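K.L.:
If you scroll down you'll find the structure; I have some questions about it.
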Amino acid sequence: MARRAVEQELSRERILEAARHLFITKGYRAISMRSIGQHLGYSHGSLYYHFKEKAELFYAIVVEDFNHLGHLLMQAMVRPVCDGVSKAEHIMMEFIRFGLDNPYQYEIMFMLRDEELLSYCRAEQGRCFDLFASIIRQYMKEEGCSEEDIECVPRTLFLSMHGFISYFNQDRVTFAEIEPSALSHVKVLCRNLHHQPGVQ
C-alpha cells in the first residue's frame with residue numbers, strides 16, 4: 001500500500017487511541033508495535049509512517065493527554081463560574097472531571113509504575129502541576145493569602161485531587177456519578193485554604 005494511502009487510512013489519532021488502551025490493559029512491556037498493528041488490523045509497518053518506535057508512540061500519548069488537560073484548565077480559568085463556586089473550586093472540579101471521565105489517560109499520565117516510562121512522564125507531570133499551581137496562586141493572591149501559603153497550598157490541593165481521582169478510578173466511577181461528593185471534597189479543601197493565617 002502506498003505511503004499516502006496508509007497515512008490517510010490509518011490516522012495518528014487511531015494509533016494513539018489503540019496504543020493508549022493496550023498500554024493500560026496489557027502493560028507497556030507486553031505490547032509491541034506489531035501487537036498494536038494487529039489490534040488495528042494493519043501490519044506493524046504501517047505504524048512506522050507515524051512513529052519510529054514504541055517509546056516515541058508512548059511519549060506522543062503522554063504529551064497529547066497532558067496538553068488536553070492543560071487546555072481544559074486554561075478554559076476553566078477564563079470561563080464564568082456558577083453561583084456558590086469559587087474560581088479555585090471550579091478549576092479543581094474540572095481537573096477531577098478529566099481524571100474520572102478519562103481513566104485510561106489519567107493512569108498513563110500519573111499512575112504507571114514502570115521505571116522505564118517515568119522519564120517520559122515526569123517532565124509533563126511537572127509542567128501540569130506548574131500550570132495548576134500558577135492558576136491557584138493567582139487566585140490566592142487575589143484572596144490575600146500569605147506568601148507561605150501561596151507557595152505551599154497548591155501542591156496540597158493537587159495531591160488531594162489526585163488521591164480523590166485515584167480512589168474512585170479503581171471502580172471506574174464516572175464524574176457524573178459522584179459530582180456532589182467531588183464538589184464537597186473540593187469545598188472542604190478550599191474552605192480550609194481560606195481559613196489559613198494571612199487570608200484577609
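Residue numbering restarts at 1 in every chain; chains get A, B, ... in the order shown in the C-alpha cells, and ligands count up from 1 in that same order.
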I want to know what sits within 12 Å of A:Ser181, based on only C-alpha atoms, with residues of the same chain fewer than 3 positions away left out; could you give that as a ChimeraX atom specification?
P.N.:
/A:93,96-97,164-165,168,173-178,184-188
K.L.:
Tell me, which residues of chain A carry DSSP helix (DSSP H, G or I), written as a PyMOL selection string?
P.N.:
chain A and resi 3-9+12-26+33-40+44-49+54-78+87-101+103-110+115-143+147-169+175-194
K.L.:
Out of A:Val85, A:Leu73, A:Ile15, A:Val63, which residue has the shortest atom-to-atom distance to A:Phe51 when counting only C-alpha atoms?
P.N.:
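Counting only C-alpha atoms, the residue closest to A:Phe51 is A:Ile15.
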K.L.:
So, counting only C-alpha atoms, which residue among A:Cys82, A:Leu57, A:Ile36, A:Leu100 is closest to A:Arg172?
P.N.:
A:Leu100
K.L.:
Go through A:Met161, A:Val78, A:Ala18, A:Leu10 and flag the residue nearest A:Tyr49, using only C-alpha atoms for the distances.
P.N.:
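Closest residue, counting only C-alpha atoms: A:Leu10.
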K.L.:
Between A:Ile61, A:Met109, A:Leu40, A:Cys190, single out the one closest to A:His90, counting only C-alpha atoms.
P.N.:
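When distances to A:His90 are compared using only C-alpha atoms, the smallest one comes from A:Cys190.
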K.L.:
Provide the atom CA of A:Phe95 to atom CA of A:Ala123 distance in Å, to one decimal place.
P.N.:
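Separation of atom CA of A:Phe95 and atom CA of A:Ala123: 18.5 Å.
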K.L.:
Find the distance between atom CA of A:Ile108 and atom CA of A:Arg137 and write it in Å to one decimal.
P.N.:
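Atom CA of A:Arg137 lies 26.9 Å from atom CA of A:Ile108.
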K.L.:
Leaving out A:Gln170 and any residue of its chain fewer than 5 positions from it, which residues lie within 12 Å of it when counting only C-alpha atoms, given as an MDAnalysis selection string?
P.N.:
chainID A and resid 99:100 103:104 106:107 111 163:165
K.L.:
For a test of reading the model, state the distance in Å between atom CA of A:Gly70 and atom CA of A:Leu131, rounded to one decimal.
P.N.:
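Spanning atom CA of A:Gly70 to atom CA of A:Leu131 is a straight-line distance of 7.3 Å.
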K.L.:
Got a sec: who's within 9 Å of A:Phe23, counting only C-alpha atoms, leaving out chain neighbours fewer than 6 positions off, as a PyMOL selection string?
P.N.:
chain A and resi 29-31+58+108
